[in-house]
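Okay, coords_33.pdb now, which holds PDB, C-alpha atoms, pLDDT in the B column:
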```
ATOM      1  CA  MET A   1     -19.255  15.956   1.862  1.00 36.00           C
ATOM      2  CA  ALA A   2     -17.329  14.889   4.961  1.00 43.00           C
ATOM      3  CA  GLY A   3     -13.777  13.679   4.574  1.00 42.00           C
ATOM      4  CA  THR A   4     -12.959  15.503   1.337  1.00 44.00           C
ATOM      5  CA  GLY A   5     -10.554  18.088   2.710  1.00 50.00           C
ATOM      6  CA  GLY A   6      -7.607  18.510   5.003  1.00 54.00           C
ATOM      7  CA  GLY A   7      -5.408  15.967   3.238  1.00 66.00           C
ATOM      8  CA  ARG A   8      -7.175  13.026   4.866  1.00 72.00           C
ATOM      9  CA  PRO A   9      -8.324  10.060   2.794  1.00 77.00           C
ATOM     10  CA  SER A  10     -12.059   9.428   2.905  1.00 71.00           C
ATOM     11  CA  VAL A  11     -11.957   5.751   1.901  1.00 81.00           C
ATOM     12  CA  PHE A  12     -10.127   3.088   3.912  1.00 91.00           C
ATOM     13  CA  PRO A  13     -10.123  -0.591   2.949  1.00 94.00           C
ATOM     14  CA  ALA A  14     -10.736  -2.603   6.149  1.00 94.00           C
ATOM     15  CA  LEU A  15      -9.477  -6.178   6.303  1.00 95.00           C
ATOM     16  CA  LEU A  16      -9.567  -8.899   8.945  1.00 95.00           C
ATOM     17  CA  TYR A  17      -6.804 -11.489   9.169  1.00 96.00           C
ATOM     18  CA  ALA A  18      -6.442 -14.795  10.996  1.00 94.00           C
ATOM     19  CA  ASP A  19      -2.878 -13.647  11.792  1.00 96.00           C
ATOM     20  CA  ALA A  20      -3.049  -9.850  11.805  1.00 97.00           C
ATOM     21  CA  LYS A  21       0.460  -9.508  13.282  1.00 97.00           C
ATOM     22  CA  ALA A  22       1.901 -11.392  10.293  1.00 97.00           C
ATOM     23  CA  ALA A  23      -0.194  -9.198   7.985  1.00 97.00           C
ATOM     24  CA  VAL A  24       1.203  -6.013   9.544  1.00 98.00           C
ATOM     25  CA  ARG A  25       4.721  -7.419   9.206  1.00 98.00           C
ATOM     26  CA  GLN A  26       4.246  -8.340   5.530  1.00 98.00           C
ATOM     27  CA  LEU A  27       2.522  -5.094   4.597  1.00 98.00           C
ATOM     28  CA  THR A  28       5.305  -3.029   6.179  1.00 98.00           C
ATOM     29  CA  GLU A  29       8.332  -5.144   5.235  1.00 98.00           C
ATOM     30  CA  ALA A  30       7.350  -6.354   1.766  1.00 98.00           C
ATOM     31  CA  PHE A  31       4.885  -3.734   0.559  1.00 98.00           C
ATOM     32  CA  GLY A  32       6.348  -0.613   2.168  1.00 97.00           C
ATOM     33  CA  PHE A  33       3.443   0.478   4.355  1.00 97.00           C
ATOM     34  CA  THR A  34       4.183   2.438   7.525  1.00 97.00           C
ATOM     35  CA  GLU A  35       2.505   1.681  10.853  1.00 97.00           C
ATOM     36  CA  LEU A  36       0.380   4.619  11.953  1.00 96.00           C
ATOM     37  CA  SER A  37      -1.125   2.766  14.906  1.00 96.00           C
ATOM     38  CA  VAL A  38      -1.511  -0.786  16.193  1.00 97.00           C
ATOM     39  CA  TYR A  39      -3.733  -1.553  19.178  1.00 96.00           C
ATOM     40  CA  GLU A  40      -3.472  -5.001  20.735  1.00 95.00           C
ATOM     41  CA  GLY A  41      -5.806  -6.800  23.092  1.00 93.00           C
ATOM     42  CA  GLU A  42      -4.679  -8.483  26.295  1.00 94.00           C
ATOM     43  CA  ASP A  43      -4.518 -11.777  24.381  1.00 93.00           C
ATOM     44  CA  GLY A  44      -2.121 -10.281  21.799  1.00 93.00           C
ATOM     45  CA  SER A  45      -4.708 -10.047  19.024  1.00 94.00           C
ATOM     46  CA  VAL A  46      -4.712  -6.934  16.865  1.00 96.00           C
ATOM     47  CA  LEU A  47      -7.823  -4.986  17.835  1.00 94.00           C
ATOM     48  CA  HIS A  48      -7.205  -2.284  15.235  1.00 95.00           C
ATOM     49  CA  ALA A  49      -4.283  -1.205  13.075  1.00 97.00           C
ATOM     50  CA  GLU A  50      -3.819   1.595  10.602  1.00 96.00           C
ATOM     51  CA  LEU A  51      -1.081   1.410   7.988  1.00 97.00           C
ATOM     52  CA  VAL A  52      -0.307   4.212   5.554  1.00 95.00           C
ATOM     53  CA  GLN A  53       1.101   4.335   2.049  1.00 94.00           C
ATOM     54  CA  GLY A  54       1.391   7.744   0.411  1.00 90.00           C
ATOM     55  CA  ASN A  55      -1.789   9.683   1.229  1.00 88.00           C
ATOM     56  CA  GLY A  56      -3.888   6.528   1.646  1.00 91.00           C
ATOM     57  CA  ALA A  57      -4.339   4.033   4.434  1.00 94.00           C
ATOM     58  CA  VAL A  58      -5.707   0.590   5.231  1.00 96.00           C
ATOM     59  CA  MET A  59      -7.273  -0.552   8.494  1.00 95.00           C
ATOM     60  CA  LEU A  60      -6.969  -4.117   9.698  1.00 96.00           C
ATOM     61  CA  GLY A  61      -7.514  -6.356  12.675  1.00 95.00           C
ATOM     62  CA  SER A  62      -7.705  -9.926  13.900  1.00 95.00           C
ATOM     63  CA  GLN A  63     -10.542 -12.226  12.924  1.00 93.00           C
ATOM     64  CA  GLY A  64     -12.626 -13.963  15.566  1.00 90.00           C
ATOM     65  CA  ARG A  65     -12.863 -11.194  18.147  1.00 88.00           C
ATOM     66  CA  GLY A  66     -16.640 -10.899  17.881  1.00 86.00           C
ATOM     67  CA  GLY A  67     -18.605  -7.763  17.231  1.00 84.00           C
ATOM     68  CA  VAL A  68     -20.724  -6.599  14.317  1.00 86.00           C
ATOM     69  CA  PHE A  69     -17.887  -6.086  11.800  1.00 87.00           C
ATOM     70  CA  ASP A  70     -16.241  -9.414  12.621  1.00 87.00           C
ATOM     71  CA  THR A  71     -19.601 -11.195  12.252  1.00 89.00           C
ATOM     72  CA  ALA A  72     -20.385  -9.400   8.980  1.00 87.00           C
ATOM     73  CA  MET A  73     -16.954 -10.314   7.555  1.00 89.00           C
ATOM     74  CA  LYS A  74     -17.219 -13.998   8.537  1.00 87.00           C
ATOM     75  CA  GLY A  75     -16.783 -16.092   5.442  1.00 83.00           C
ATOM     76  CA  ALA A  76     -15.924 -13.079   3.284  1.00 85.00           C
ATOM     77  CA  GLY A  77     -13.507 -13.869   0.503  1.00 82.00           C
ATOM     78  CA  PRO A  78     -10.212 -12.163  -0.166  1.00 88.00           C
ATOM     79  CA  ALA A  79     -10.306  -8.488  -1.037  1.00 92.00           C
ATOM     80  CA  GLY A  80      -8.502  -6.603  -3.761  1.00 94.00           C
ATOM     81  CA  VAL A  81      -6.769  -3.315  -2.971  1.00 95.00           C
ATOM     82  CA  TYR A  82      -5.035  -0.929  -5.393  1.00 93.00           C
ATOM     83  CA  VAL A  83      -2.184   1.247  -4.098  1.00 95.00           C
ATOM     84  CA  VAL A  84      -0.502   4.057  -6.034  1.00 93.00           C
ATOM     85  CA  VAL A  85       3.312   4.004  -5.871  1.00 94.00           C
ATOM     86  CA  ASP A  86       5.907   6.178  -7.600  1.00 93.00           C
ATOM     87  CA  ASP A  87       8.417   3.500  -8.635  1.00 97.00           C
ATOM     88  CA  VAL A  88       6.655   0.244  -9.505  1.00 97.00           C
ATOM     89  CA  ASP A  89       9.842  -1.639 -10.350  1.00 98.00           C
ATOM     90  CA  ALA A  90      11.597  -0.766  -7.089  1.00 98.00           C
ATOM     91  CA  HIS A  91       8.434  -1.585  -5.143  1.00 98.00           C
ATOM     92  CA  HIS A  92       8.190  -4.946  -6.922  1.00 98.00           C
ATOM     93  CA  ARG A  93      11.846  -5.750  -6.182  1.00 98.00           C
ATOM     94  CA  ARG A  94      11.266  -5.059  -2.489  1.00 98.00           C
ATOM     95  CA  ALA A  95       8.138  -7.238  -2.346  1.00 98.00           C
ATOM     96  CA  ALA A  96       9.813 -10.097  -4.231  1.00 98.00           C
ATOM     97  CA  ALA A  97      12.915  -9.898  -2.023  1.00 98.00           C
ATOM     98  CA  GLN A  98      10.670 -10.259   1.040  1.00 97.00           C
ATOM     99  CA  GLY A  99       9.077 -13.389  -0.452  1.00 97.00           C
ATOM    100  CA  ALA A 100       5.690 -11.938  -1.428  1.00 97.00           C
ATOM    101  CA  GLU A 101       3.737 -14.055  -3.910  1.00 97.00           C
ATOM    102  CA  ILE A 102       3.934 -12.098  -7.168  1.00 97.00           C
ATOM    103  CA  LEU A 103       0.958 -12.757  -9.464  1.00 97.00           C
ATOM    104  CA  THR A 104       1.993 -10.465 -12.335  1.00 97.00           C
ATOM    105  CA  PRO A 105       5.331  -8.714 -12.840  1.00 97.00           C
ATOM    106  CA  PRO A 106       5.558  -4.985 -13.533  1.00 98.00           C
ATOM    107  CA  THR A 107       3.682  -4.398 -16.781  1.00 97.00           C
ATOM    108  CA  ASP A 108       2.839  -1.315 -18.843  1.00 97.00           C
ATOM    109  CA  GLN A 109      -0.935  -1.096 -19.303  1.00 93.00           C
ATOM    110  CA  ASP A 110      -2.855   0.317 -22.288  1.00 92.00           C
ATOM    111  CA  TYR A 111      -4.409   3.016 -20.073  1.00 88.00           C
ATOM    112  CA  GLY A 112      -1.001   4.451 -19.142  1.00 91.00           C
ATOM    113  CA  SER A 113      -0.278   2.740 -15.853  1.00 93.00           C
ATOM    114  CA  ARG A 114       2.641   0.544 -14.923  1.00 97.00           C
ATOM    115  CA  ASP A 115       1.663  -1.965 -12.269  1.00 96.00           C
ATOM    116  CA  TYR A 116       2.141  -5.393 -10.721  1.00 97.00           C
ATOM    117  CA  THR A 117      -0.024  -7.654  -8.587  1.00 96.00           C
ATOM    118  CA  ALA A 118       0.813  -9.680  -5.471  1.00 96.00           C
ATOM    119  CA  ARG A 119      -1.080 -11.845  -2.982  1.00 95.00           C
ATOM    120  CA  ASP A 120      -0.657 -11.479   0.763  1.00 96.00           C
ATOM    121  CA  LEU A 121      -0.321 -14.329   3.242  1.00 95.00           C
ATOM    122  CA  GLU A 122      -4.101 -14.742   3.566  1.00 95.00           C
ATOM    123  CA  GLY A 123      -5.133 -14.447  -0.072  1.00 94.00           C
ATOM    124  CA  ASN A 124      -5.903 -10.742  -0.472  1.00 96.00           C
ATOM    125  CA  VAL A 125      -4.774  -9.353  -3.825  1.00 95.00           C
ATOM    126  CA  TRP A 126      -2.737  -6.153  -3.792  1.00 97.00           C
ATOM    127  CA  SER A 127      -2.080  -4.198  -6.991  1.00 95.00           C
ATOM    128  CA  PHE A 128       0.603  -1.523  -6.964  1.00 96.00           C
ATOM    129  CA  GLY A 129       0.841   0.927  -9.826  1.00 95.00           C
ATOM    130  CA  THR A 130       1.201   4.430 -11.154  1.00 95.00           C
ATOM    131  CA  TYR A 131      -2.455   4.960 -12.131  1.00 92.00           C
ATOM    132  CA  ALA A 132      -3.884   7.677  -9.883  1.00 85.00           C
ATOM    133  CA  PRO A 133      -7.276   8.875 -11.101  1.00 81.00           C
ATOM    134  CA  GLU A 134      -8.434  12.365 -10.205  1.00 77.00           C
ATOM    135  CA  THR A 135     -11.481  12.174  -7.981  1.00 72.00           C
ATOM    136  CA  GLY A 136     -12.481  15.809  -8.151  1.00 67.00           C
ATOM    137  CA  ALA A 137     -12.150  16.104  -4.377  1.00 59.00           C
TER
END
```
Would you write the structure of this file as structure tokens?
Amino acid sequence: MAGTGGGRPSVFPALLYADAKAAVRQLTEAFGFTELSVYEGEDGSVLHAELVQGNGAVMLGSQGRGGVFDTAMKGAGPAGVYVVVDDVDAHHRRAAAQGAEILTPPTDQDYGSRDYTARDLEGNVWSFGTYAPETGA
């Protein structure tokens, strides 16, 4: 199967934002992502961005630019994304200090994870926790 080796993730959540620049700022400043690449159009819109966290990544861009993906995503509701982090409490403190909307505080779960949930500026729900299932890849 393609994408299962070489240390590269094979699944990337892809989100469109009305204000993709603000999304990049929040995801990096509050949620600790690192910019891998950000490509802007002449009008300043985000054509494509890739942000990394650990060995995973998310792709995002600006809504309303046209194209098949933009059309398919029109009217789509918020998405939910789960991100594995080493220190949930420190991650939560950072997000809260940056003003992120915290939906649930760090909580120990019955299945062995410690996690918390936050909402980004455009309604997407981000869960950050220690649960990291083995995929067999």
### Query
Can you list, as a VMD selection string, the residues that the PyMOL selection byres ((chain A and resi 115-131) around 8) selects here?
chain A and resid 17 to 18 22 to 23 26 78 to 88 92 100 to 109 112 to 114 132 to 133
### Message
As an exercise, work out the distance from CA of Asn55 in chain A to CA of Ala90 in chain A in Å and give it to one decimal place.
### Response
18.9 Å
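For the residues A:Leu16, A:Val11, A:Ala30, A:Val38, ranking by smallest atom-to-atom distance to Ala95 in chain A using all atoms listed in the file places A:Ala30 first.
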### Task
Have a look at CA of Ala49 in chain A and CA of Ser37 in chain A and let me know their distance in Å, one decimal.
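Taking CA of Ala49 in chain A as the start and CA of Ser37 in chain A as the end point, the length is 5.4 Å.
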### Query
Quick one: residues within 7 Å of Leu15 in chain A, only C-alpha atoms counted, chain neighbours fewer than 5 positions away excluded, as a list in words?
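Answer for this query is Met59, Leu60 and Gly61 of chain A.
Note that the spacing between CA of Val58 in chain A and CA of Glu29 in chain A amounts to 15.2 Å.
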### Task
Between A:Ser45, A:Ala72, A:Gln98, A:His91, single out the one closest to Arg25 in chain A, counting all atoms listed in the file.
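Under the stated criterion, the closest residue is A:Gln98.
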### Query
So which residues get picked by the PyMOL selection byres ((chain A and resi 74) around 12) here, written as a PyMOL selection string?
chain A and resi 15-18+62-73+75-78
### Task
Can you work out which one of A:Asp110, A:Leu51, A:Tyr39, A:Ala57 has the shortest atom-to-atom distance to Leu27 in chain A, counting only C-alpha atoms?
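Among A:Asp110, A:Leu51, A:Tyr39, A:Ala57, it is A:Leu51 that comes nearest to Leu27 in chain A.
Of the listed residues A:Ala14, A:Phe31, A:Ala20, A:Arg8, the one whose atoms come nearest to Arg93 in chain A is A:Phe31, with distances taken using all atoms listed in the file.
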Coordinates of box centre and edge lengths for range 17-23 of chain A, 3 Å on every side, axis-aligned, as AutoDock Vina command-line options:
```
--center_x -2.5 --center_y -12.0 --center_z 10.6 --size_x 14.7 --size_y 11.6 --size_z 11.3
```
